[in-house]
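What's in entry-v5.cif: mmCIF, C-alpha atoms and all ligand atoms
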```
data_protein
loop_
_atom_site.label_atom_id
_atom_site.label_comp_id
_atom_site.auth_asym_id
_atom_site.auth_seq_id
_atom_site.Cartn_x
_atom_site.Cartn_y
_atom_site.Cartn_z
CA MET A 5 27.23 -21.28 -24.13
CA VAL A 6 24.18 -19.38 -25.39
CA VAL A 7 20.91 -20.59 -23.92
CA GLY A 8 19.42 -23.20 -26.23
CA GLU A 9 22.76 -23.74 -28.03
CA LYS A 10 22.82 -27.48 -27.39
CA TYR A 11 19.47 -27.89 -29.14
CA ARG A 12 20.65 -26.18 -32.30
CA SER A 13 20.79 -28.48 -35.31
CA LYS A 14 24.33 -29.11 -36.53
CA ASN A 15 23.14 -30.10 -39.98
CA ARG A 16 21.16 -27.06 -41.12
CA GLU A 17 22.22 -23.47 -41.35
CA GLN A 18 20.35 -21.21 -38.96
CA ILE A 19 20.32 -17.46 -38.96
CA ILE A 20 20.32 -15.80 -35.55
CA VAL A 21 19.92 -12.03 -35.27
CA GLU A 22 19.81 -9.74 -32.25
CA GLN A 23 17.87 -6.54 -31.81
CA PRO A 24 16.73 -4.38 -28.87
CA TYR A 25 13.34 -5.19 -27.41
CA HIS A 26 11.34 -2.64 -25.45
CA ILE A 27 8.17 -2.98 -23.42
CA GLN A 28 6.24 0.00 -22.09
CA TYR A 29 4.46 -1.06 -18.92
CA ARG A 30 1.29 0.66 -17.89
CA HIS A 31 0.40 0.02 -14.28
CA SER A 32 -2.60 1.43 -12.44
CA PHE A 33 -2.61 1.91 -8.67
CA GLY A 34 -6.37 2.05 -8.95
CA GLU A 35 -8.51 3.08 -6.00
CA VAL A 36 -5.54 3.10 -3.60
CA SER A 37 -3.42 5.49 -5.69
CA LYS A 38 -3.33 8.02 -2.83
CA PHE A 39 -1.30 5.57 -0.71
CA PHE A 40 1.44 5.35 -3.36
CA LYS A 41 1.37 9.08 -4.14
CA GLY A 42 1.75 9.54 -0.36
CA LEU A 43 4.88 7.35 -0.28
CA HIS A 44 6.33 9.55 -3.00
CA GLU A 45 5.50 12.64 -0.89
CA LYS A 46 6.87 11.00 2.31
CA LYS A 47 3.45 10.56 3.87
CA LEU A 48 1.82 7.40 5.18
CA TYR A 49 -1.89 7.09 4.47
CA GLY A 50 -4.51 4.52 5.37
CA THR A 51 -8.23 4.30 4.78
CA ILE A 52 -10.71 4.20 7.62
CA CYS A 53 -14.28 3.01 7.93
CA ARG A 54 -16.40 4.74 10.58
CA GLY A 55 -19.26 2.23 10.32
CA LYS A 56 -18.37 0.65 13.64
CA GLU A 57 -21.92 -0.49 14.32
CA HIS A 58 -21.41 -2.94 11.44
CA HIS A 59 -17.96 -4.09 12.54
CA MET A 60 -17.28 -7.27 14.47
CA SER A 61 -14.88 -5.34 16.74
CA GLY A 62 -17.38 -2.53 17.40
CA GLU A 63 -14.64 -0.03 16.51
CA ASP A 64 -13.65 1.99 13.47
CA ASN A 65 -11.63 -0.12 11.04
CA LEU A 66 -8.25 1.19 9.90
CA PHE A 67 -6.82 -0.26 6.70
CA VAL A 68 -3.05 -0.08 6.16
CA PRO A 69 -2.14 -0.87 3.47
CA PRO A 70 -5.37 0.79 2.40
CA ARG A 71 -8.39 -1.00 1.03
CA ALA A 72 -10.83 0.69 -1.31
CA ASP A 73 -13.85 -0.98 0.32
CA CYS A 74 -14.73 -2.13 3.83
CA PRO A 75 -15.13 -5.94 3.79
CA GLU A 76 -17.53 -5.79 6.75
CA CYS A 77 -19.80 -2.93 5.61
CA MET A 78 -19.34 -3.62 1.88
CA VAL A 79 -19.11 0.11 1.18
CA PRO A 80 -16.47 2.17 -0.67
CA LEU A 81 -14.07 3.94 1.68
CA GLU A 82 -13.80 7.67 1.05
CA GLU A 83 -11.88 8.72 4.19
CA TRP A 84 -8.07 8.74 4.20
CA ILE A 85 -5.98 9.48 7.26
CA GLU A 86 -2.34 10.46 7.55
CA LEU A 87 -0.50 8.16 9.94
CA GLN A 88 3.17 9.08 10.11
CA ASN A 89 2.75 11.04 13.38
CA GLU A 90 0.64 8.37 15.09
CA ASP A 91 1.75 6.06 17.89
CA ILE A 92 3.22 3.27 15.74
CA ARG A 93 4.67 0.08 17.20
CA VAL A 94 6.22 -3.26 16.31
CA TYR A 95 3.45 -5.87 16.48
CA THR A 96 5.82 -8.72 15.67
CA PHE A 97 9.08 -9.23 13.80
CA THR A 98 11.29 -11.82 12.20
CA THR A 99 14.75 -11.92 10.66
CA MET A 100 15.26 -12.89 7.04
CA TYR A 101 18.50 -14.56 5.99
CA PHE A 102 17.40 -15.03 2.39
CA SER A 103 15.17 -12.93 0.15
CA GLY A 104 14.16 -11.93 -3.32
CA GLU A 105 16.70 -10.22 -5.53
CA ASN A 106 15.85 -6.65 -4.38
CA PHE A 107 16.93 -7.29 -0.78
CA LEU A 108 19.86 -9.70 -1.19
CA ASP A 109 22.42 -6.98 -0.44
CA LYS A 110 20.57 -5.97 2.76
CA LEU A 111 20.48 -9.40 4.48
CA PRO A 112 19.99 -10.23 7.30
CA LEU A 113 16.88 -8.10 7.26
CA THR A 114 14.31 -7.42 9.99
CA LEU A 115 10.76 -7.77 8.74
CA ILE A 116 8.07 -6.28 10.94
CA ASN A 117 4.33 -6.21 11.29
CA VAL A 118 3.39 -2.64 12.12
CA GLU A 119 0.70 -1.81 14.66
CA PHE A 120 -1.33 1.38 15.16
CA PRO A 121 -2.60 0.91 18.75
CA ARG A 122 -5.08 3.82 18.56
CA TYR A 123 -7.15 1.93 16.00
CA ASN A 124 -8.70 -1.47 15.57
CA ASN A 125 -5.81 -3.28 13.90
CA ASN A 126 -7.56 -6.33 12.46
CA TYR A 127 -6.97 -4.93 8.97
CA SER A 128 -3.82 -2.89 9.47
CA LYS A 129 -0.89 -5.17 10.18
CA LEU A 130 1.29 -3.55 7.56
CA ILE A 131 4.38 -5.60 6.67
CA SER A 132 7.53 -3.53 6.31
CA ILE A 133 11.24 -3.40 7.11
CA LEU A 134 12.87 -2.13 10.29
CA ILE A 135 16.29 -0.54 9.91
CA THR A 136 18.01 -0.52 13.33
CA ASN A 137 21.17 1.37 12.36
CA GLU A 138 19.96 4.26 10.25
CA LYS A 139 22.23 7.30 10.06
CA ASP A 140 21.15 10.22 12.33
CA GLU A 141 18.43 8.12 14.01
CA ILE A 142 18.06 6.27 17.32
CA ASN A 143 20.03 3.10 16.76
CA ILE A 144 19.55 -0.16 18.62
CA ASP A 145 21.22 -3.52 18.65
CA LYS A 146 19.09 -6.16 16.92
CA LYS A 147 19.04 -8.18 20.15
CA ASP A 148 17.20 -5.29 21.84
CA LEU A 149 14.36 -5.39 19.33
CA LYS A 150 11.08 -5.84 21.18
CA ILE A 151 7.44 -6.37 20.40
CA GLY A 152 5.64 -3.13 21.25
CA MET A 153 8.69 -0.97 20.48
CA LYS A 154 7.89 2.52 19.17
CA ILE A 155 8.85 3.07 15.55
CA LYS A 156 8.40 5.74 12.93
CA PRO A 157 8.10 5.57 9.16
CA LYS A 158 10.76 6.79 6.76
CA PHE A 159 10.63 7.10 3.03
CA LYS A 160 13.19 6.50 0.30
CA GLU A 161 13.40 9.03 -2.48
CA MET A 162 11.66 7.39 -5.42
CA PRO A 163 10.23 8.95 -8.57
CA LEU A 164 6.46 8.47 -8.83
CA GLU A 165 6.81 6.27 -11.90
CA LYS A 166 9.03 3.85 -9.94
CA ILE A 167 7.14 3.98 -6.63
CA ASP A 168 6.28 0.78 -4.78
CA ALA A 169 5.92 -0.35 -1.16
CA SER A 170 9.72 -0.65 -0.79
CA ALA A 171 9.83 3.18 -0.57
CA LEU A 172 8.53 2.76 2.98
CA TYR A 173 10.59 1.49 5.93
CA PHE A 174 10.69 2.06 9.68
CA VAL A 175 13.29 3.03 12.28
CA PRO A 176 13.19 2.91 16.11
CA ALA A 177 11.48 6.01 17.53
CA GLY A 178 12.36 5.48 21.19
CA ILE A 179 12.00 2.83 23.84
CA LEU A 180 8.51 1.43 24.52
ZN ZN B 1 -16.92 -0.78 7.70
#
```

The structure in this file should be written as structure tokens.
Amino acid sequence: MVVGEKYRSKNREQIIVEQPYHIQYRHSFGEVSKFFKGLHEKKLYGTICRGKEHHMSGEDNLFVPPRADCPECMVPLEEWIELQNEDIRVYTFTTMYFSGENFLDKLPLTLINVEFPRYNNNYSKLISILITNEKDEINIDKKDLKIGMKIKPKFKEMPLEKIDASALYFVPAGIL
């Protein structure tokens, strides 16, 4: 039955026509465009604020995903740093047995918070996906997943006009 069919009047003739409908979306990545361009180029970028004298932690603040402004200094952030070769670790993880439509075929799925131990991480607990059985990579059993495990970023091929955060995922990079 066509949606709405049961509400159609039986007593009056109604004309129903069909035609294609097209919407052109225009989406701006705004001040953090470099992060998304980086995903397209297989690079992981964050923003950093060097105003540590203003920071509660007394350290430089790393922002991943990036922020355009430092919420502690209230200044625009001009400095970007490339992170894919950094020491990157699992801060915490969980297993999803249900998800939105895009991930239904990948369940169960390991969601991780990513940590960059070299930096103050108050603003850089990136949420991503850990693939433990990626072809040509170090593979581990899910039961051996550990907090603090070394990981490295990987990037799906995605055209720039389709790019989003799902282009980024992580794989084990070694043991602790
Ligand atoms: Zn700051």

Sorted by chain and rising residue number, which residues of region 17-100 of chain A lie within 6 Å of region 143-155 of chain A, and what are their closest atom pairs and distances in Å to one decimal, counting only C-alpha atoms, as a tab-separated table?
```
residue	atom	partner	partner_atom	distance
A:Ile92	CA	A:Ile155	CA	5.6
A:Arg93	CA	A:Lys154	CA	4.5
A:Val94	CA	A:Gly152	CA	5.0
A:Tyr95	CA	A:Ile151	CA	5.6
A:Thr96	CA	A:Ile151	CA	5.5
```

Near-Ala169 (chain A) list (12 Å; all atoms listed in the file; drop same-chain fewer than 3 positions) as a VMD selection string: chain A and resid 33 37 39 to 44 46 48 68 to 70 130 to 133 158 to 160 162 164 166 172 to 173

- request: Produce as a PyMOL selection string the set of residues near ligand ZN 1 (chain B), where near means within 7 Å with all atoms listed in the file considered.
  value: chain A and resi 53-56+58-59+65+74-79

- line: Separating CA of Leu87 (chain A) from CA of Lys47 (chain A), to the nearest tenth of an Å, is a gap of 7.6 Å

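Closest approach to Gly178 (chain A) among A:Met60, A:Ile142, A:Ala72, A:Ile27 is made by A:Ile142 (distances from all atoms listed in the file).
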
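For the choices A:Ile52, A:Ala177, A:Asn106, A:Glu45, the atom-to-atom distance to Leu134 (chain A) is smallest for A:Ala177 when using only C-alpha atoms.
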
- prompt: Separation of CA of Val36 (chain A) and CA of Ile116 (chain A), in Å?
  reply: 22.0 Å

- request: Could you jot down the CA of Phe107 (chain A) to CA of Asp140 (chain A) separation for me, Å, one decimal place?
  value: 22.3 Å

Any chance you could model N, CA and C atoms for region 117-128 of chain A and send them as a PDB file, keeping the file's coordinate frame?
```pdb
ATOM      1  N   ASN A 117       5.736  -6.567  11.414  1.00  0.00           N
ATOM      2  CA  ASN A 117       4.330  -6.210  11.290  1.00  0.00           C
ATOM      3  C   ASN A 117       4.166  -4.934  12.091  1.00  0.00           C
ATOM      4  N   VAL A 118       3.524  -3.952  11.505  1.00  0.00           N
ATOM      5  CA  VAL A 118       3.390  -2.640  12.120  1.00  0.00           C
ATOM      6  C   VAL A 118       2.012  -2.533  12.759  1.00  0.00           C
ATOM      7  N   GLU A 119       1.971  -1.943  13.948  1.00  0.00           N
ATOM      8  CA  GLU A 119       0.700  -1.810  14.660  1.00  0.00           C
ATOM      9  C   GLU A 119       0.406  -0.343  14.946  1.00  0.00           C
ATOM     10  N   PHE A 120      -0.860   0.023  14.838  1.00  0.00           N
ATOM     11  CA  PHE A 120      -1.330   1.380  15.160  1.00  0.00           C
ATOM     12  C   PHE A 120      -2.293   1.240  16.339  1.00  0.00           C
ATOM     13  N   PRO A 121      -1.779   1.288  17.582  1.00  0.00           N
ATOM     14  CA  PRO A 121      -2.600   0.910  18.750  1.00  0.00           C
ATOM     15  C   PRO A 121      -3.861   1.752  18.937  1.00  0.00           C
ATOM     16  N   ARG A 122      -3.895   2.967  18.365  1.00  0.00           N
ATOM     17  CA  ARG A 122      -5.080   3.820  18.560  1.00  0.00           C
ATOM     18  C   ARG A 122      -6.296   3.272  17.814  1.00  0.00           C
ATOM     19  N   TYR A 123      -6.057   2.395  16.854  1.00  0.00           N
ATOM     20  CA  TYR A 123      -7.150   1.930  16.000  1.00  0.00           C
ATOM     21  C   TYR A 123      -7.327   0.424  16.132  1.00  0.00           C
ATOM     22  N   ASN A 124      -8.512  -0.044  15.723  1.00  0.00           N
ATOM     23  CA  ASN A 124      -8.700  -1.470  15.570  1.00  0.00           C
ATOM     24  C   ASN A 124      -7.742  -1.949  14.481  1.00  0.00           C
ATOM     25  N   ASN A 125      -6.877  -2.877  14.820  1.00  0.00           N
ATOM     26  CA  ASN A 125      -5.810  -3.280  13.900  1.00  0.00           C
ATOM     27  C   ASN A 125      -6.066  -4.580  13.150  1.00  0.00           C
ATOM     28  N   ASN A 126      -7.307  -5.059  13.157  1.00  0.00           N
ATOM     29  CA  ASN A 126      -7.560  -6.330  12.460  1.00  0.00           C
ATOM     30  C   ASN A 126      -7.173  -6.267  10.991  1.00  0.00           C
ATOM     31  N   TYR A 127      -7.250  -5.074  10.400  1.00  0.00           N
ATOM     32  CA  TYR A 127      -6.970  -4.930   8.970  1.00  0.00           C
ATOM     33  C   TYR A 127      -5.742  -4.067   8.708  1.00  0.00           C
ATOM     34  N   SER A 128      -4.919  -3.840   9.701  1.00  0.00           N
ATOM     35  CA  SER A 128      -3.820  -2.890   9.470  1.00  0.00           C
ATOM     36  C   SER A 128      -2.490  -3.393  10.016  1.00  0.00           C
TER      37      SER A 128
END
```
